[in-house]
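The structure under discussion appears below in the form of C-alpha cells.
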Amino acid sequence: MTISILIVDDSNFSRHMLKKAIQASNIASHVTEACNGLKALDACDTQNFDVIFLDLTMPEMSGYDLLDALKQRNFAGKSFVVSADVQEKAVERCRNLGAAGFIRKPLKESDLIQTLQGCGVIS
Amino acid sequence: MNSNKSSDTINLAADIVMNIPTVGLFAVDTRLNIVLWNRFMEIHSQLSANEAIGKNISEIFPDTDINWLSRKIKGAVILKTVSYSSWRDKPFVFFLSNPRAITSDEEFMYQDCSFWPLKETSGTITYVCISIHDVTEIACTQKLIESVTEEAVRNEELSNRDGLTGLYNRRYFDNQIINELNRADLYGWDMCLMMTDIDHFKAINDTYGHQAGDEVLRVVGLIIAQQLRAIDIPCRYGGEEFGLLLPRVESSQAINIGQRIRQKVSDTPIHYMEHDIPVTISIGISAFKKNTSHEALIRSADNALYCAKNNGRNQVVMS
Amino acid sequence: MSKDKQCFSSEEFDVIREIVNISMGSAGSLLAEYIGAFVTLSVPNVRMIDQEASSITLNKLGVEYDAINITRQSFSGALSGEAIFIIDNSSNQEMSSILGYKACEDNNKNINTDVLLEISQAIIGTCIRDIGQGFSLDVYLSQPTIIGTEQPPSKLYDLVFGQHNTNWHDLLLLDIYFSIETNKIKCHALIFITEKSLQKIHAAVNQLML
C-alpha cells in the first residue's frame, strides 16, 4: 500500500536528504514537499496525508506552531518531527502537541524505518 | 615489519609523553582519580607516579577549587571538546611550587592549562587529559612591565603636580599656556588666563600658624578645581598664588567663572583644628587676543590682580 | 582569488545552512546537558561578509545590550578562523547562579570572569567542533582571551577588528543567538571563517550534495 508523505522543511538540502532516505528504504510512497508551515497547511487542504515529516526551526511558522495547527484541524495521519534539536524539553513539547515521534538529524534510513514501523505506519 | 614500526612509534610517543621536560601531563577518569602522571608532574609535585596513580585529584591538590575543576572535567566529557585556563584569569589551577625557588615573589607556579577528552573506540569518554605549561617567567615579566609602566605614568604625573595642593605646578602650567596659545592662534579660539591669590595670607600664617596656612592653600586649591571643566588647567603658581587657564572661554564667561570661585571661597570658612578661618581671594583675568605672547598674557592678568587688591580685595577684575 | 571563487551558489548556501543547523542542534542538546538548563538556538544566520558589512553587523549587534563582555577564541586546521562570544552583565550573572558559582567576592570586578570564560568556551568549543564534524573537516581550538568586559556595545567593532590587521577581504560569518532558560540568559556567537577555509568547505559541500 502506498503511503502519502508530506515533507516540511525550509532547507532544500534537508528535504532532499529525507527523500533520498525514503527512496533507499524502499517504502512505497508518494512524496509532496512544502518549504514552510503555511504551505504545508495549504497542501493538507488539498490532500490527505498519512505521514508528515516536519522540521522545528522554520521561518514564518515554526514546527511547534504547525503541530498545533494540525492538532486544531484534527489531522488524521501521523506527524513526525525531524530535527537537530533533541533536548528533552523539545521532544516533550512536540509530544504534547501531538507528534507521533521524533527523529534526529542527520537522518539515517534505519531511524526512519524503525520510527515508521514503531507507529504502525508500515509493517 | 609493519607492526614493529607501529609499536616503535607507540613506544616513542609514550616516552615523549612521560618525559617531556616542559609540559606537565596527567590524566584522570570521570571520577577525578589519577590514571597517568608524567615526569614533570613528579618533579614539581614531589609525588611519584606510583604514589599519584589511583589517588583522587582533590587529595593531591586540596587548594584547587574542586567545583570549578569538576565542571571543567564534566565539560570535556559531555561536550567532548578542549577547554583552557590562562594565568591571566587564574594564576594557577594546580598548586605546584614556583620553579624559581629563591628569587620569586610567589610560592606557586603560574600556569596555562588545557583539558581535553580521550575517547574509547565506542565513542564514550573515559579519561580526561590535563596539560600544564609553566608560564612563570612570562607572567613575572609581564607583571614587571605593567608595574614599571604604572610607575612611569605615576612619576610623569607627579613631576607635573604640586605636592601640597595636587594642582599642576608652575612648570607644567607655563608649558600648557604656550600650547593653548598656539592652538588659539591657529584655530581662532578664545582663551582666558586667571591669576588669583589669597587675601592677607601672611596674616593667616601669623595668626593661625604655617600648618593652618597650608590647609588653607589646599582647600582653596580644591574649591578652584571643583568649579572647573575637564579641559581647564589649574595650578599653584607661587606661594599663595594660583593660576587658571581656561581654553575656549571668552571674557564674560571667564568673569562668571571667576565670580563663582570667589563667592564659593568667601562662603566657605576653612576648618583647621578648632579654628574656622574666613578666607577671601582676589582674581585678575586677561583674555587672549591675536599675537599676544604668553608673558604679555600673564603680565596682563597680574596687573588686573593688582588692581583687585588695591580696590579692596575679594573681587574679580578683568584687564 | 577572484570574488567568484569565494562565493557560494544559493544551493551551496542551503547545504551549508543545513549542516550548520544540524551541528547547532547537536551542540544545543549537549550544552543543555552540561549547563542543566533548556537551551534555545536561533536559526544561524550564514552569510559572506566584507569589511564594510562586518562593521555594520557589529555595530547593530549590541543595540539591545547595555554593557557587554566579549571573548575571542581562534581555531585552526582545515577550518580556520576566529569566534567571538558576547554576553551582557545580567546574563553572565544569571549564568553564574545556574552553574553554581558563589556570589562574586572580588570587589574590583562586577563581572565574574571565570563564568565568562567557562560559558564562552563551552558554547564556542562545542559549536566549532560540531560544525567541523558536520563538514568532516579537522578543527583545533586555541586558548581563548577576554577582549573586553563591561564595554558599551558601540565599542564592539573596535575591540574585535579595529586595532588589528585588516588585510582580509571576505569572510564566512555564522551568526548564532542563544537563549538559555527561557530568555533569562542571552548571548551571541559570531564565528568568522577565513577565505582559505572556503575551498575546503566547497569540497565538503559538493561531496554532500551527491
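Chains: A, B, ... in order of the C-alpha cells. Residues: from 1 per chain. Ligands: from 1, in order shown.
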
* All helix (DSSP H, G or I) residues (DSSP, backbone) inside stretch 38-113 of chain C, as a ChimeraX atom specification -> /C:51-64,89-99,113

* **Interface residues on chain C facing chain A, 10 Å, only C-alpha atoms, written as number ranges by chain** => C: 11-33, 37-43, 134, 208-209

Restricting it to C-alpha atoms, dump the selection as a PDB file, in the first residue's frame.
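Result file follows (result-v7.pdb):
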```pdb
ATOM      1  CA  GLU C  11      22.192  25.857  -3.447  1.00  0.00           C
ATOM      2  CA  GLU C  12      25.567  25.516  -1.727  1.00  0.00           C
ATOM      3  CA  PHE C  13      24.494  28.058   0.883  1.00  0.00           C
ATOM      4  CA  ASP C  14      21.424  25.972   1.541  1.00  0.00           C
ATOM      5  CA  VAL C  15      23.609  22.957   2.232  1.00  0.00           C
ATOM      6  CA  ILE C  16      25.935  24.986   4.439  1.00  0.00           C
ATOM      7  CA  ARG C  17      22.994  26.351   6.410  1.00  0.00           C
ATOM      8  CA  GLU C  18      21.560  22.914   6.907  1.00  0.00           C
ATOM      9  CA  ILE C  19      24.893  21.461   8.060  1.00  0.00           C
ATOM     10  CA  VAL C  20      25.305  24.349  10.460  1.00  0.00           C
ATOM     11  CA  ASN C  21      21.702  23.851  11.668  1.00  0.00           C
ATOM     12  CA  ILE C  22      22.262  20.202  12.363  1.00  0.00           C
ATOM     13  CA  SER C  23      25.555  20.942  14.098  1.00  0.00           C
ATOM     14  CA  MET C  24      23.908  23.598  16.210  1.00  0.00           C
ATOM     15  CA  GLY C  25      21.107  21.239  17.155  1.00  0.00           C
ATOM     16  CA  SER C  26      23.536  18.692  18.458  1.00  0.00           C
ATOM     17  CA  ALA C  27      25.565  21.446  20.134  1.00  0.00           C
ATOM     18  CA  GLY C  28      22.391  22.750  21.760  1.00  0.00           C
ATOM     19  CA  SER C  29      21.453  19.438  23.294  1.00  0.00           C
ATOM     20  CA  LEU C  30      24.982  18.832  24.617  1.00  0.00           C
ATOM     21  CA  LEU C  31      25.049  22.327  26.090  1.00  0.00           C
ATOM     22  CA  ALA C  32      21.669  21.774  27.717  1.00  0.00           C
ATOM     23  CA  GLU C  33      23.057  18.668  29.356  1.00  0.00           C
ATOM     24  CA  ALA C  37      19.004  24.212  31.527  1.00  0.00           C
ATOM     25  CA  PHE C  38      16.945  24.496  28.371  1.00  0.00           C
ATOM     26  CA  VAL C  39      18.947  25.993  25.504  1.00  0.00           C
ATOM     27  CA  THR C  40      17.299  27.616  22.509  1.00  0.00           C
ATOM     28  CA  LEU C  41      19.314  28.481  19.457  1.00  0.00           C
ATOM     29  CA  SER C  42      18.209  30.872  16.785  1.00  0.00           C
ATOM     30  CA  VAL C  43      18.403  29.716  13.220  1.00  0.00           C
ATOM     31  CA  GLY C 134      29.364  18.349  10.065  1.00  0.00           C
ATOM     32  CA  LEU C 208      27.292  16.023   0.485  1.00  0.00           C
ATOM     33  CA  MET C 209      25.200  17.075  -2.489  1.00  0.00           C
TER      34      MET C 209
END
```

* To do: Give me, as a list of chain:residue names, the contact residues of chain B against chain C at a cut-off of 7 Å, counting only C-alpha atoms.
  => B:Gly75, B:Ile78, B:Leu79, B:Thr81, B:Val82, B:Ser83, B:Tyr84

* Extract, using only C-alpha atoms, all DNA, RNA and protein residues at most 12 Å from B:Gln176, discarding same-chain residues fewer than 5 positions from it, and format them as a VMD selection string. => chain B and resid 160 168 to 171 181 to 184 193 231 to 235 243 to 247 294

Residues at most 8 Å from C:Glu150, counting only C-alpha atoms, excluding those fewer than 2 positions away in the same chain, as a PDB file with N, CA and C atoms, in the first residue's frame?
```pdb
ATOM      1  N   ALA C  67      25.716  46.757  28.594  1.00  0.00           N
ATOM      2  CA  ALA C  67      27.163  46.600  28.729  1.00  0.00           C
ATOM      3  C   ALA C  67      27.490  45.166  28.388  1.00  0.00           C
ATOM      4  N   ILE C  68      28.505  44.987  27.543  1.00  0.00           N
ATOM      5  CA  ILE C  68      28.792  43.628  27.083  1.00  0.00           C
ATOM      6  C   ILE C  68      30.190  43.156  27.438  1.00  0.00           C
ATOM      7  N   ASN C  69      30.311  41.839  27.496  1.00  0.00           N
ATOM      8  CA  ASN C  69      31.584  41.198  27.771  1.00  0.00           C
ATOM      9  C   ASN C  69      31.904  40.306  26.593  1.00  0.00           C
ATOM     10  N   ASP C  88      25.914  39.847  27.938  1.00  0.00           N
ATOM     11  CA  ASP C  88      25.813  41.054  28.757  1.00  0.00           C
ATOM     12  C   ASP C  88      25.931  40.714  30.244  1.00  0.00           C
ATOM     13  N   ASN C  89      26.088  41.759  31.079  1.00  0.00           N
ATOM     14  CA  ASN C  89      26.349  41.554  32.507  1.00  0.00           C
ATOM     15  C   ASN C  89      25.277  40.731  33.193  1.00  0.00           C
ATOM     16  N   ILE C 111      31.966  41.692  37.074  1.00  0.00           N
ATOM     17  CA  ILE C 111      31.654  40.556  36.223  1.00  0.00           C
ATOM     18  C   ILE C 111      32.531  39.394  36.621  1.00  0.00           C
ATOM     19  N   GLY C 148      37.224  42.208  26.231  1.00  0.00           N
ATOM     20  CA  GLY C 148      36.600  43.381  26.843  1.00  0.00           C
ATOM     21  C   GLY C 148      35.603  42.957  27.897  1.00  0.00           C
ATOM     22  N   PRO C 152      30.689  49.373  26.397  1.00  0.00           N
ATOM     23  CA  PRO C 152      29.492  49.798  25.673  1.00  0.00           C
ATOM     24  C   PRO C 152      29.469  49.104  24.314  1.00  0.00           C
TER      25      PRO C 152
END
```

* Asked: When DSSP works through the backbone of this structure, what residues of stretch 11-148 of chain C end up as strand (DSSP E), shown as a ChimeraX atom specification?
  -> /C:39-41,45-50,68-77,81-88,139-148

* For stretch 172-175 of chain C, please output as a list in words all residues within 7 Å (counting only C-alpha atoms; exclusion window: fewer than 5 positions along the same chain). => Pro44, Asn45, Val46, Arg47, Met48, Ile49, Ala189, Leu190, Ile191, Phe192, Ile193 and Thr194 of chain C

Could you take the residues named above and write them with C-alpha atoms, as an mmCIF file, in the first residue's frame?
```cif
data_model
loop_
_atom_site.group_PDB
_atom_site.id
_atom_site.type_symbol
_atom_site.label_atom_id
_atom_site.label_comp_id
_atom_site.auth_asym_id
_atom_site.auth_seq_id
_atom_site.Cartn_x
_atom_site.Cartn_y
_atom_site.Cartn_z
ATOM 1 C CA PRO C 44 22.026 30.506 12.436
ATOM 2 C CA ASN C 45 22.437 33.357 10.013
ATOM 3 C CA VAL C 46 25.025 32.255 7.481
ATOM 4 C CA ARG C 47 26.435 34.753 5.041
ATOM 5 C CA MET C 48 29.550 36.101 3.368
ATOM 6 C CA ILE C 49 30.689 39.460 4.674
ATOM 7 C CA ALA C 189 28.345 33.735 18.968
ATOM 8 C CA LEU C 190 29.914 35.149 15.825
ATOM 9 C CA ILE C 191 32.032 32.630 14.004
ATOM 10 C CA PHE C 192 34.210 34.142 11.305
ATOM 11 C CA ILE C 193 35.674 31.632 8.868
ATOM 12 C CA THR C 194 38.686 32.554 6.740
#
```

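If you look at atom CA of A:Thr2 and atom CA of A:Arg95, they are 26.0 Å away from each other.
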
B:Thr30: which residues within 8 Å, counting only C-alpha atoms, same-chain residues fewer than 3 positions away excluded, as a PDB file with C-alpha atoms, in the first residue's frame?
```
ATOM      1  CA  ASN B  33      41.082   9.717  40.007  1.00  0.00           C
ATOM      2  CA  ILE B  73      36.102  17.694  33.534  1.00  0.00           C
ATOM      3  CA  LYS B  74      32.350  17.398  33.079  1.00  0.00           C
ATOM      4  CA  VAL B  77      33.164  14.539  28.953  1.00  0.00           C
ATOM      5  CA  THR B 126      36.560   7.572  29.748  1.00  0.00           C
ATOM      6  CA  TYR B 127      39.500   9.804  30.514  1.00  0.00           C
ATOM      7  CA  VAL B 128      40.272  13.495  30.520  1.00  0.00           C
TER       8      VAL B 128
END
```

* Asked: Any idea what's packed within 9 Å of B:Pro91, counting only C-alpha atoms, ignoring anything in its chain fewer than 5 positions away? Could you give it as a list in words?
  -> Ser86, Phe108, Met109, Tyr110, Gln111, Asp112 and Ala139 of chain B
